[in-house]
Amino acid sequence: MVARTWQILGGLLVVATMSRPLGAQRPVTVDVGLTAAHFPDDDASVVGPSLRLSIAAAKGHLFGSAEGGALGTFGAASGFATLEGGVRSSVRGGWSTELAGELASVAGSGSSGGAGTALIGGRAMWSTSSAGTWLRASGHASERVHSSLQGGGLDAGAWWSFARAQLTATLTQEWTRAELFTGRFRTGFAGTTPVRYTEGAMALHTESDRASLDVAASTRRDPDAGRLFESSLSATAAYWPKESMALVLNVTHQLPDWVRGADAADAVSVGLRFGQAAPVTARATRFIPVVQVSDSSGARVLRVLAAGARQVEVMGDFTDWEARPLTPHGAVFERAVTLSSGTHRMLVRIDGGAWRTAANTPAVDDDLGGRVGLLVVP
């Protein structure tokens, strides 16, 4: 029973990882909170503080991420770690290909509570600025408590992006094997059995300036399970009272993950997230502002190209370093200013984000240890 307790704790850590909604991955994020989960297969519940760290990076065609965390409860502790990476290359006409791999492991203080999985897959994708689709084939090998298991899968999906929302639909076919146990806490090993199922899922991400909501639901058809059809649901709400700190609430009803070894679970988590910028700031950093100066009726007009922005402000030596809003005209924001010929120092702010240099103005040091853009006016 003690060994099975560590497996339950490890399963909870996988729940925390796998229930993360689509599109939630961040460059560097720390989650601290309290998690309560019930595992119906064991008729067992656990409650305890949890910690998770995730890091993601991309350079050129390469991308990767690492994630790890721990859960403690009543003098016990367990942890998990995942490492993902791959290479992505563009072909033509919006098409691209991707080859990626993943290593996942769960370990606890109990000697038999560990599990590890290695996955590799190839994907073909087509995308535009607002929609896309993909087809992927994958294979995996797992080390479980008593067995080495192998399997593979196919999945296809599509996504649609809107101003403040993204919708994703997926269809998955999985073939793998699972271990069978007997007893209340499944302490008796009864061998392995083939698992094959088809699963359809939908995920929706919506956001405002300071809040976001992620909802995901799926239905699985498993002819070998006790019930032919089963469903899952996950919802995550986040609110940013500060620029890079969010209050997060997650509610999950999760089906078993036969590939990575996570048990079915009903879980509730509440906590704080550090390192993820508020949606309004994240949107602002995606804009690439371009500054232009032209003459109109004897006056100079400063124009900033920022398609999709709601508000653009500038400040510089020609405004006595006071913020000045620009008037929108479609994708262009403009304002009549007094600009003499020569060089001027300036900064741009989009949708209330951070002050930064425009894409076409060289960045130079200012007198206060910061960086400003150098605008050249003929």
# chains A, B, ... in the order shown; residues from 1 in each chain; ligands from 1
$ select_by_dssp --residues "segment 59-287 of chain A" --states "strand (DSSP E)" --output "VMD selection string"
chain A and resid 59 62 to 73 76 to 90 95 to 108 115 to 127 131 to 143 148 to 161 165 to 182 188 to 207 211 to 221 229 to 242 245 to 254 265 to 274
$ closest_residue --among "A:Ala81, A:Val270, A:Ala36, A:Ile120" --to "Arg52 of chain A" --atoms "only C-alpha atoms"
A:Ala81
$ atom_distance --atom1 "atom CA of Glu199 of chain A" --atom2 "atom CA of Arg123 of chain A"
18.3 Å
$ residues_around --residues "Asp209 of chain A" --least-positions-apart "2" --cutoff "9 Å" --atoms "only C-alpha atoms" --output "PyMOL selection string"
chain A and resi 207+211-212+240+278-281
$ select_by_dssp --residues "segment 123-336 of chain A" --states "alpha helix (DSSP H)" --output "NGL selection string"
:A and (279-286)
$ write_last_selection --atoms "C-alpha atoms" --output "PDB file, in the first residue's frame"
ATOM      1  CA  PRO A 279      -2.252  38.992 -21.960  1.00  0.00           C
ATOM      2  CA  VAL A 280      -2.170  42.710 -22.773  1.00  0.00           C
ATOM      3  CA  THR A 281       1.616  42.738 -22.360  1.00  0.00           C
ATOM      4  CA  ALA A 282       2.109  39.504 -24.268  1.00  0.00           C
ATOM      5  CA  ARG A 283       0.107  40.856 -27.213  1.00  0.00           C
ATOM      6  CA  ALA A 284       2.087  44.094 -27.219  1.00  0.00           C
ATOM      7  CA  THR A 285       5.425  42.280 -27.461  1.00  0.00           C
ATOM      8  CA  ARG A 286       4.250  40.455 -30.600  1.00  0.00           C
TER       9      ARG A 286
END
$ residues_around --residues "Ala37 of chain A" --least-positions-apart "4" --cutoff "6 Å" --atoms "only C-alpha atoms" --output "NGL selection string"
:A and (45-46 or 266-267)
$ atom_distance --atom1 "atom CA of Ser130 of chain A" --atom2 "atom CA of Gln173 of chain A"
26.4 Å
$ closest_residue --among "A:Thr117, A:Thr82, A:Thr128, A:Thr252" --to "Ser232 of chain A" --atoms "only C-alpha atoms"
A:Thr252
$ closest_residue --among "A:His61, A:His38, A:Arg303, A:Arg349" --to "Glu322 of chain A" --atoms "only C-alpha atoms"
A:Arg349
